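Trainee: Below you'll find the structure I mean.
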Amino acid sequence: MKRVEKTMPRVSPNMVAVWRLFKTNPAIWTILGLVVIFSAIVPERFLSTSNLVAILRSFAVTAMLAVGPTFVILLGSIDLSFMGIWMFGGALVWLLYPYLGLASILVYPIFGLLVGLFNGVVHVKARIPSFILTLAVTAVFAFLTTYVRNVSGVLTLIVPAYGFLRESPIPYLPSPFLLSLPAIALALFLMFFTKIGTYLCAIGSNEEGAKLAGINVEKYKVVGFMISGFLTGLGSIAIFVHLGNQTRVDFDPSELIRGLAAIVLGGTPLAGGMGGPHRSLLGALIYVLIFNGLFLLPGVDPNHLKLYIGALLLGAVVIASKALKGALIT
Amino acid sequence: MVEIARAILSIRLSVGDGESSKITPIIILDEPTAPLSIEERDELFKYLLELKKHNSFIFVSHIIPEVMRFSDRVYVLRDGKVAAFHDLKKQEITEDLLFKEIVGRESYYELLTRVEHRLVEPEKRKVVLSVRNLSKKGFYKDVSFDVHEGECVGLFGPTGCGKSEIAKTLYGEVVPDGGQITAENKPVNLKSGPHKRLKLHIGYFSGETGKELFLYWPIRKNVSIINFDKVSSKPLKLFRIINLKAEKNLAEKIVKTLNIKAPNVETECYSLSGGNKQKVSVGKWLERSPKLLILEDPTIGIDVGAREDIYEVLLDMKKKGISMVLVSDDPKEYALLCDKILMLREGVVQKVMTNQEFRGVMEL
């Protein structure tokens with residue numbers, strides 16, 4: 001034993017921790033690589049202050065679409081209702097503003113929580129596949145949002161009173177980014193410092209084993225969906241402000257894919273059991289860097305970016321499923 | 001058996017019909033009997049011995065009687081090296097000799113003679129669990145027994161006698177048709193799942209590690225999953241804050257007591273050997289200390305040394321007053337652990353034996 005210790009090079013524990021971080025999150029390498037590549041090709045455009053602020057903005061938006069559903073994907077299910085929560089939640093804020101005043105923004109997280117509760121209970125009790133269920137939920141809410149707009153006879157569901165939210169108190173940090181921080185902090189706290197994160201991971205990686213370890217599987221599945229809904233609702237405030245105090249009124253599948261792409265790119269496999277919101281944050285950054293960089297590159301047609309979004313998700317899912325050989329979506 | 005037939009067939013097919021009679025296929029059998037019961041094993045061996053006339057086999061197993069029965073030459077491997085070699089056609093060897101060579105020390109037969117089993121006097125000890133007229137159609141009928149504090153009750157019988165279903169019923173995985181289960185003098189809701197049973201201090205440990213462990217998780221997390229009370233503080237009613245350092249210390253303690261061979265507690269469980277996986281699996285119960293532990297094939301498919309370590313731990317837990325219900329295929333296991341053995345056939349309890357009576361019947 002003693003001889004081995006002598007020949008071992010001295011490595012400080014901090015170095016080991018950093019190395020582990022890099023090893024377990026390959027997304028960090030990708031981010032560094034992307035930054036290096038784009039700074040080399042278009043340095044003056046990519047590294048300009050305005051561009052970096054733009055990156056921060058779209059990072060916040062992408063992260064808010066990805067962080068919540070990550071908790072459901074950990075379970076091995078999927079939650080596509082984030083799009084519905086974001087769209088119709090905004091419509092509710094607009095509808096309720098005349099009655100509730102500024103407090104109506106709080107409708108967002110509450111609405112998210114309720115949709116999550118509904119998703120979870122129906123998924124667990126009626127045993128409806130989460131993919132179909134949450135897609136249907138999004139379809140219904142997307143329709144309702146458009147319907148509200150059409151019936152009201154307005155073009156956009158804008159609530160001008162929240163204008164003050166757009167002003168950021170800190171220079172260079174855009175307000176959508178600041179508004180996304182509570183959801184990020186809550187997600188990381190739930191994942192790492194409570195048993196909920198461990199339990200959701202356990203259910204995703206081995207449901208039978210989770211049951212044997214005394215986890216109330218049905219309850220925690222519902223909890224997972226509720227967390228997803230609540231975080232999406234909370235995060236949608238940032239997107240709401242980013243879009244100019246209004247919500248999206250027409251359904252766009254590329255926004256749906258954006259959230260999923262960030263999750264998968266970050267390294268949370270759709271089969272569940274591994275990863276977490278921290279990885280989705282890295283994934284969101286990769287996603288944003290790729291599109292920001294491509295946009296700046298000469299010779300890339302911005303109109304084709306949506307095509308690239310689809311291709312990117314396809315590629316990420318194929319890579320993720322090859323690494324796992326597991327069922328993709330259950 | 002289907003798998004073996006398939007292996008032979010695929011060799012024949014790949015060679016072609018004309019040549020198939022000329023070649024001797026080599027078939028590698030890696031623990032072929034692990035998932036089988038005693039009767040099924042006998043059947044498999046009849047078939048294998050028949051096949052042995054035309055085929056060559058490499059037979060990997062830790063079950064010594066099987067090796068003695070089937071092999072012509074035996075290589076004993078220990079720590080990745082050939083520790084001993086025997087040509088069974090030329091020399092006579094005993095099972096005990098092989099045991100010693102595998103473990104490098106005395107076999108658990110010796111442990112068997114060392115452990116003394118006292119008869120539990122019912123009036124002196126508390127009843128931890130009592131089962132009355134438990135029935136499930138097609139599996140078991142009118143099963144009644146009591147488990148006292150610090151007592152191990154064995155459910156013994158051939159595969160299909162309902163013993164594992166009874167064990168699963170006790171842990172809430174199978175819902176019975178009728179009967180009563182009482183734990184801590186309170187009736188148990190028969191429809192409630194494992195998470196409710198855990199609250200009644202009933203634990204479950206199965207040797208099937210694939211079922212129980214989270215293979216891609218580090219040992220640390222596999223251990224702490226049922227020990228959150230020990231590794232976290234509770235500043236708010238709703239949340240528990242996990243203390244990573246306490247988690248690590250707990251896992252290190254278990255790795256040390258159970259002699260688990262792993263580089264550190266961050267090692268992912270899939271990279272461990274079968275025996276070490278099982279030790280992690282039983283280790284998590286060490287700290288939880290339930291009042292009753294249900295054991296289903298606790299040492300299935302692992303080598304003799306690891307078995308001994310697990311038996312030591314289980315006997316230790318028993319001494320501390322933890323009651324157990326054992327379901328297994330190995331009569332020696334019952335003789336070693338149980339104070340009282342229920343003989344089951346076709347779902348009905350035929351006879352209740354004490355440890356001494358059981359040893360007498362099984363000639364152990």
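How things are named: the first chain in the structure tokens is A, the next is B, and so on; residues count from 1 in each chain; ligands count from 1 in the order shown.
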When the cut-off is 7 Å and we count only C-alpha atoms, which residues of chain B are near chain A, given as an NGL selection string?
Mentor: :B and (194-195 or 198 or 204 or 211-214 or 226 or 239-242)
Trainee: Keeping N, CA, C and O atoms, export the residues of the selection given above as a PDB file, in the first residue's frame.
Mentor:
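Writing done, so here's out_13.pdb:
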ATOM      1  N   PRO B 194     -45.316  -1.457  -0.898  1.00  0.00           N
ATOM      2  CA  PRO B 194     -44.086  -1.541  -0.119  1.00  0.00           C
ATOM      3  C   PRO B 194     -43.757  -0.293   0.702  1.00  0.00           C
ATOM      4  O   PRO B 194     -43.222  -0.404   1.800  1.00  0.00           O
ATOM      5  N   HIS B 195     -44.101   0.903   0.180  1.00  0.00           N
ATOM      6  CA  HIS B 195     -43.714   2.100   0.937  1.00  0.00           C
ATOM      7  C   HIS B 195     -44.425   2.170   2.280  1.00  0.00           C
ATOM      8  O   HIS B 195     -43.913   2.725   3.241  1.00  0.00           O
ATOM      9  N   LEU B 198     -42.698  -0.338   4.673  1.00  0.00           N
ATOM     10  CA  LEU B 198     -41.430   0.177   5.194  1.00  0.00           C
ATOM     11  C   LEU B 198     -41.678   1.043   6.420  1.00  0.00           C
ATOM     12  O   LEU B 198     -40.892   1.051   7.357  1.00  0.00           O
ATOM     13  N   TYR B 204     -37.253  -5.546   2.774  1.00  0.00           N
ATOM     14  CA  TYR B 204     -37.202  -6.649   1.824  1.00  0.00           C
ATOM     15  C   TYR B 204     -35.839  -6.671   1.168  1.00  0.00           C
ATOM     16  O   TYR B 204     -35.342  -5.653   0.713  1.00  0.00           O
ATOM     17  N   LYS B 211     -32.788  -6.356  -9.809  1.00  0.00           N
ATOM     18  CA  LYS B 211     -34.111  -5.892  -9.447  1.00  0.00           C
ATOM     19  C   LYS B 211     -34.021  -4.811  -8.376  1.00  0.00           C
ATOM     20  O   LYS B 211     -34.842  -3.916  -8.322  1.00  0.00           O
ATOM     21  N   GLU B 212     -33.034  -4.934  -7.532  1.00  0.00           N
ATOM     22  CA  GLU B 212     -33.033  -4.101  -6.346  1.00  0.00           C
ATOM     23  C   GLU B 212     -32.092  -2.898  -6.408  1.00  0.00           C
ATOM     24  O   GLU B 212     -32.408  -1.853  -5.867  1.00  0.00           O
ATOM     25  N   LEU B 213     -30.959  -3.067  -7.077  1.00  0.00           N
ATOM     26  CA  LEU B 213     -29.981  -1.972  -7.081  1.00  0.00           C
ATOM     27  C   LEU B 213     -30.235  -1.014  -8.240  1.00  0.00           C
ATOM     28  O   LEU B 213     -30.841  -1.379  -9.232  1.00  0.00           O
ATOM     29  N   PHE B 214     -29.699   0.202  -8.090  1.00  0.00           N
ATOM     30  CA  PHE B 214     -29.682   1.152  -9.186  1.00  0.00           C
ATOM     31  C   PHE B 214     -28.284   1.077  -9.760  1.00  0.00           C
ATOM     32  O   PHE B 214     -27.339   1.663  -9.240  1.00  0.00           O
ATOM     33  N   ILE B 226     -32.561   4.409   1.184  1.00  0.00           N
ATOM     34  CA  ILE B 226     -33.534   4.112   2.237  1.00  0.00           C
ATOM     35  C   ILE B 226     -33.067   4.626   3.592  1.00  0.00           C
ATOM     36  O   ILE B 226     -33.648   4.325   4.615  1.00  0.00           O
ATOM     37  N   PHE B 239     -39.111  19.864   3.442  1.00  0.00           N
ATOM     38  CA  PHE B 239     -37.868  19.520   2.770  1.00  0.00           C
ATOM     39  C   PHE B 239     -36.855  18.899   3.696  1.00  0.00           C
ATOM     40  O   PHE B 239     -36.799  19.191   4.876  1.00  0.00           O
ATOM     41  N   ARG B 240     -36.056  18.071   3.130  1.00  0.00           N
ATOM     42  CA  ARG B 240     -34.943  17.475   3.809  1.00  0.00           C
ATOM     43  C   ARG B 240     -33.715  17.937   3.069  1.00  0.00           C
ATOM     44  O   ARG B 240     -33.686  17.898   1.852  1.00  0.00           O
ATOM     45  N   ILE B 241     -32.717  18.408   3.773  1.00  0.00           N
ATOM     46  CA  ILE B 241     -31.495  18.802   3.076  1.00  0.00           C
ATOM     47  C   ILE B 241     -30.468  17.696   3.242  1.00  0.00           C
ATOM     48  O   ILE B 241     -30.148  17.297   4.357  1.00  0.00           O
ATOM     49  N   ILE B 242     -29.991  17.183   2.128  1.00  0.00           N
ATOM     50  CA  ILE B 242     -29.090  16.038   2.180  1.00  0.00           C
ATOM     51  C   ILE B 242     -27.671  16.511   2.458  1.00  0.00           C
ATOM     52  O   ILE B 242     -27.171  17.450   1.852  1.00  0.00           O
TER      53      ILE B 242
END
Trainee: Would you please give, as an MDAnalysis selection string, all residues of segment 98-229 of chain B that DSSP assigns to strand (DSSP E or B) based on the backbone?
Mentor: chainID B and resid 127:136 140:148 152:156 178:183 186:187 202:206 218
Trainee: Write a file of the just-selected residues containing N, CA, C and O atoms, as a compact mmCIF listing (two decimals), in the first residue's frame.
Mentor:
# COMPACT_ATOMS: atom_id res chain seq x y z
N VAL B 127 -44.28 -10.80 19.64
CA VAL B 127 -44.62 -11.17 18.26
C VAL B 127 -44.45 -9.93 17.38
O VAL B 127 -45.04 -8.89 17.64
N VAL B 128 -43.61 -10.05 16.37
CA VAL B 128 -43.37 -8.91 15.49
C VAL B 128 -44.40 -8.90 14.36
O VAL B 128 -44.92 -7.86 13.98
N LEU B 129 -44.65 -10.09 13.84
CA LEU B 129 -45.57 -10.18 12.70
C LEU B 129 -46.40 -11.44 12.87
O LEU B 129 -45.87 -12.49 13.23
N SER B 130 -47.70 -11.32 12.68
CA SER B 130 -48.48 -12.55 12.69
C SER B 130 -49.37 -12.60 11.46
O SER B 130 -49.95 -11.60 11.05
N VAL B 131 -49.40 -13.76 10.87
CA VAL B 131 -50.14 -13.98 9.64
C VAL B 131 -51.23 -14.99 9.93
O VAL B 131 -50.97 -16.02 10.55
N ARG B 132 -52.46 -14.68 9.54
CA ARG B 132 -53.58 -15.58 9.81
C ARG B 132 -54.38 -15.86 8.54
O ARG B 132 -54.86 -14.91 7.90
N ASN B 133 -54.50 -17.14 8.22
CA ASN B 133 -55.36 -17.61 7.12
C ASN B 133 -55.15 -16.85 5.81
O ASN B 133 -56.11 -16.54 5.11
N LEU B 134 -53.92 -16.54 5.51
CA LEU B 134 -53.64 -15.79 4.29
C LEU B 134 -53.85 -16.69 3.08
O LEU B 134 -53.35 -17.81 3.03
N SER B 135 -54.64 -16.20 2.12
CA SER B 135 -54.92 -17.02 0.94
C SER B 135 -54.85 -16.18 -0.32
O SER B 135 -55.22 -15.01 -0.32
N LYS B 136 -54.37 -16.78 -1.38
CA LYS B 136 -54.48 -16.20 -2.70
C LYS B 136 -54.72 -17.34 -3.68
O LYS B 136 -53.96 -18.29 -3.72
N TYR B 140 -51.40 -19.79 -2.78
CA TYR B 140 -51.28 -20.36 -1.43
C TYR B 140 -52.62 -20.28 -0.72
O TYR B 140 -53.51 -19.52 -1.12
N LYS B 141 -52.74 -21.12 0.34
CA LYS B 141 -54.04 -21.24 0.99
C LYS B 141 -53.87 -21.36 2.49
O LYS B 141 -53.03 -22.14 2.95
N ASP B 142 -54.64 -20.57 3.22
CA ASP B 142 -54.71 -20.71 4.69
C ASP B 142 -53.36 -20.75 5.38
O ASP B 142 -53.10 -21.62 6.20
N VAL B 143 -52.49 -19.83 5.04
CA VAL B 143 -51.16 -19.80 5.67
C VAL B 143 -51.24 -18.99 6.95
O VAL B 143 -51.72 -17.85 6.93
N SER B 144 -50.81 -19.59 8.05
CA SER B 144 -50.79 -18.87 9.33
C SER B 144 -49.46 -19.12 10.02
O SER B 144 -49.00 -20.26 10.07
N PHE B 145 -48.82 -18.07 10.49
CA PHE B 145 -47.64 -18.25 11.33
C PHE B 145 -47.32 -16.96 12.07
O PHE B 145 -47.83 -15.89 11.71
N ASP B 146 -46.51 -17.09 13.11
CA ASP B 146 -46.07 -15.92 13.87
C ASP B 146 -44.56 -15.78 13.72
O ASP B 146 -43.85 -16.77 13.65
N VAL B 147 -44.10 -14.54 13.69
CA VAL B 147 -42.67 -14.29 13.72
C VAL B 147 -42.37 -13.52 14.99
O VAL B 147 -42.96 -12.46 15.23
N HIS B 148 -41.50 -14.08 15.84
CA HIS B 148 -41.15 -13.42 17.09
C HIS B 148 -39.91 -12.57 16.91
O HIS B 148 -39.18 -12.71 15.94
N CYS B 152 -35.96 -16.18 12.97
CA CYS B 152 -35.99 -16.30 11.52
C CYS B 152 -36.89 -17.46 11.14
O CYS B 152 -36.68 -18.59 11.59
N VAL B 153 -37.91 -17.18 10.35
CA VAL B 153 -38.85 -18.21 9.91
C VAL B 153 -38.58 -18.52 8.45
O VAL B 153 -38.50 -17.61 7.63
N GLY B 154 -38.40 -19.79 8.15
CA GLY B 154 -38.15 -20.18 6.76
C GLY B 154 -39.40 -20.72 6.12
O GLY B 154 -40.20 -21.40 6.75
N LEU B 155 -39.60 -20.36 4.85
CA LEU B 155 -40.68 -20.96 4.07
C LEU B 155 -40.01 -21.87 3.06
O LEU B 155 -39.34 -21.40 2.15
N PHE B 156 -40.16 -23.18 3.24
CA PHE B 156 -39.39 -24.12 2.45
C PHE B 156 -40.31 -24.98 1.58
O PHE B 156 -41.37 -25.43 2.02
N GLY B 178 -57.51 -13.05 0.79
CA GLY B 178 -58.10 -12.97 2.12
C GLY B 178 -57.08 -13.29 3.19
O GLY B 178 -55.96 -13.71 2.90
N GLY B 179 -57.47 -13.07 4.45
CA GLY B 179 -56.57 -13.33 5.56
C GLY B 179 -56.20 -12.06 6.28
O GLY B 179 -56.77 -10.99 5.99
N GLN B 180 -55.29 -12.19 7.22
CA GLN B 180 -54.91 -11.04 8.04
C GLN B 180 -53.41 -11.01 8.24
O GLN B 180 -52.79 -12.06 8.42
N ILE B 181 -52.85 -9.84 8.20
CA ILE B 181 -51.46 -9.68 8.61
C ILE B 181 -51.45 -8.63 9.72
O ILE B 181 -52.06 -7.57 9.58
N THR B 182 -50.80 -8.95 10.83
CA THR B 182 -50.71 -8.00 11.92
C THR B 182 -49.24 -7.71 12.20
O THR B 182 -48.45 -8.63 12.38
N ALA B 183 -48.91 -6.43 12.19
CA ALA B 183 -47.54 -6.04 12.52
C ALA B 183 -47.61 -5.03 13.65
O ALA B 183 -48.42 -4.10 13.59
N LYS B 186 -50.91 -4.10 15.08
CA LYS B 186 -51.88 -3.35 14.30
C LYS B 186 -52.16 -4.11 13.01
O LYS B 186 -51.22 -4.63 12.39
N PRO B 187 -53.41 -4.21 12.59
CA PRO B 187 -53.66 -4.90 11.33
C PRO B 187 -53.08 -4.11 10.16
O PRO B 187 -53.16 -2.87 10.13
N ILE B 202 -40.91 -3.01 8.02
CA ILE B 202 -40.72 -4.28 7.33
C ILE B 202 -39.86 -4.00 6.09
O ILE B 202 -40.20 -3.14 5.29
N GLY B 203 -38.74 -4.71 5.99
CA GLY B 203 -37.85 -4.49 4.85
C GLY B 203 -37.80 -5.72 3.97
O GLY B 203 -38.27 -6.79 4.34
N TYR B 204 -37.25 -5.55 2.77
CA TYR B 204 -37.20 -6.65 1.82
C TYR B 204 -35.84 -6.67 1.17
O TYR B 204 -35.34 -5.65 0.71
N PHE B 205 -35.24 -7.84 1.14
CA PHE B 205 -33.94 -7.96 0.49
C PHE B 205 -33.95 -9.16 -0.42
O PHE B 205 -34.26 -10.27 0.00
N SER B 206 -33.64 -8.94 -1.68
CA SER B 206 -33.62 -10.04 -2.62
C SER B 206 -32.23 -10.16 -3.22
O SER B 206 -31.53 -9.17 -3.39
N PRO B 218 -23.66 5.41 -7.96
CA PRO B 218 -22.57 5.04 -7.07
C PRO B 218 -23.09 4.31 -5.83
O PRO B 218 -24.28 4.40 -5.50
Trainee: Identify, on the basis of only C-alpha atoms, every residue whose closest approach to segment 93-110 of chain A does not exceed 10 Å; exclude the query and any residue fewer than 3 positions from it along the same chain; express the result as an MDAnalysis selection string.
Mentor: chainID A and resid 85:90 113:116 148 152 156:162 229:237 240 245:247
Trainee: Quick one: write out the picked residues with C-alpha atoms as a PDB file, in the first residue's frame?
Mentor:
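In the end it all went to part.pdb:
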ATOM      1  CA  ILE A  85     -48.512  26.230 -19.934  1.00  0.00           C
ATOM      2  CA  TRP A  86     -46.422  29.003 -21.437  1.00  0.00           C
ATOM      3  CA  MET A  87     -49.010  29.962 -24.068  1.00  0.00           C
ATOM      4  CA  PHE A  88     -52.287  29.700 -22.171  1.00  0.00           C
ATOM      5  CA  GLY A  89     -50.745  30.848 -18.876  1.00  0.00           C
ATOM      6  CA  GLY A  90     -49.952  34.125 -20.634  1.00  0.00           C
ATOM      7  CA  LEU A 113     -48.703  23.612 -10.904  1.00  0.00           C
ATOM      8  CA  LEU A 114     -52.342  22.730 -11.616  1.00  0.00           C
ATOM      9  CA  VAL A 115     -51.604  21.517 -15.139  1.00  0.00           C
ATOM     10  CA  GLY A 116     -48.744  19.429 -13.731  1.00  0.00           C
ATOM     11  CA  VAL A 148     -59.002  33.911 -26.675  1.00  0.00           C
ATOM     12  CA  SER A 152     -61.228  39.333 -28.016  1.00  0.00           C
ATOM     13  CA  THR A 156     -51.579  40.313 -29.411  1.00  0.00           C
ATOM     14  CA  LEU A 157     -52.262  39.477 -25.775  1.00  0.00           C
ATOM     15  CA  ILE A 158     -49.961  42.183 -24.481  1.00  0.00           C
ATOM     16  CA  VAL A 159     -50.069  43.489 -20.906  1.00  0.00           C
ATOM     17  CA  PRO A 160     -48.249  46.853 -21.073  1.00  0.00           C
ATOM     18  CA  ALA A 161     -48.371  47.395 -17.298  1.00  0.00           C
ATOM     19  CA  TYR A 162     -45.471  45.016 -16.794  1.00  0.00           C
ATOM     20  CA  GLY A 229     -45.452  22.384 -14.367  1.00  0.00           C
ATOM     21  CA  PHE A 230     -44.566  24.765 -11.557  1.00  0.00           C
ATOM     22  CA  LEU A 231     -41.040  25.449 -12.846  1.00  0.00           C
ATOM     23  CA  THR A 232     -42.352  25.947 -16.366  1.00  0.00           C
ATOM     24  CA  GLY A 233     -44.942  28.396 -15.073  1.00  0.00           C
ATOM     25  CA  LEU A 234     -42.353  30.269 -13.033  1.00  0.00           C
ATOM     26  CA  GLY A 235     -39.937  30.289 -15.946  1.00  0.00           C
ATOM     27  CA  SER A 236     -42.596  31.408 -18.389  1.00  0.00           C
ATOM     28  CA  ILE A 237     -42.551  34.800 -16.646  1.00  0.00           C
ATOM     29  CA  PHE A 240     -43.280  36.545 -21.137  1.00  0.00           C
ATOM     30  CA  ASN A 245     -44.975  41.316 -21.875  1.00  0.00           C
ATOM     31  CA  GLN A 246     -47.002  39.041 -24.042  1.00  0.00           C
ATOM     32  CA  THR A 247     -47.401  35.383 -24.750  1.00  0.00           C
TER      33      THR A 247
END
Trainee: Which residues are near His201 of chain B? Cut-off 10 Å, only C-alpha atoms, ignore same chain within fewer than 4 positions. Put them as a list in words.
Mentor: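 Skipping anything fewer than 4 positions along the chain leaves Val128, Ala183, Glu184, Lys196, Arg197, Arg288, Ser289, Pro290, Lys291, Leu292 and Leu293 of chain B.
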Trainee: Just want the 12 Å neighbourhood of Ile78 of chain A, counted on only C-alpha atoms, with same-chain residues fewer than 4 positions away dropped. Output as a PyMOL selection string.
Mentor: chain A and resi 66+68-74+82+116+119-120+123+128-135+204+221+224-225+228+259-260+263-264+268-272+328-330
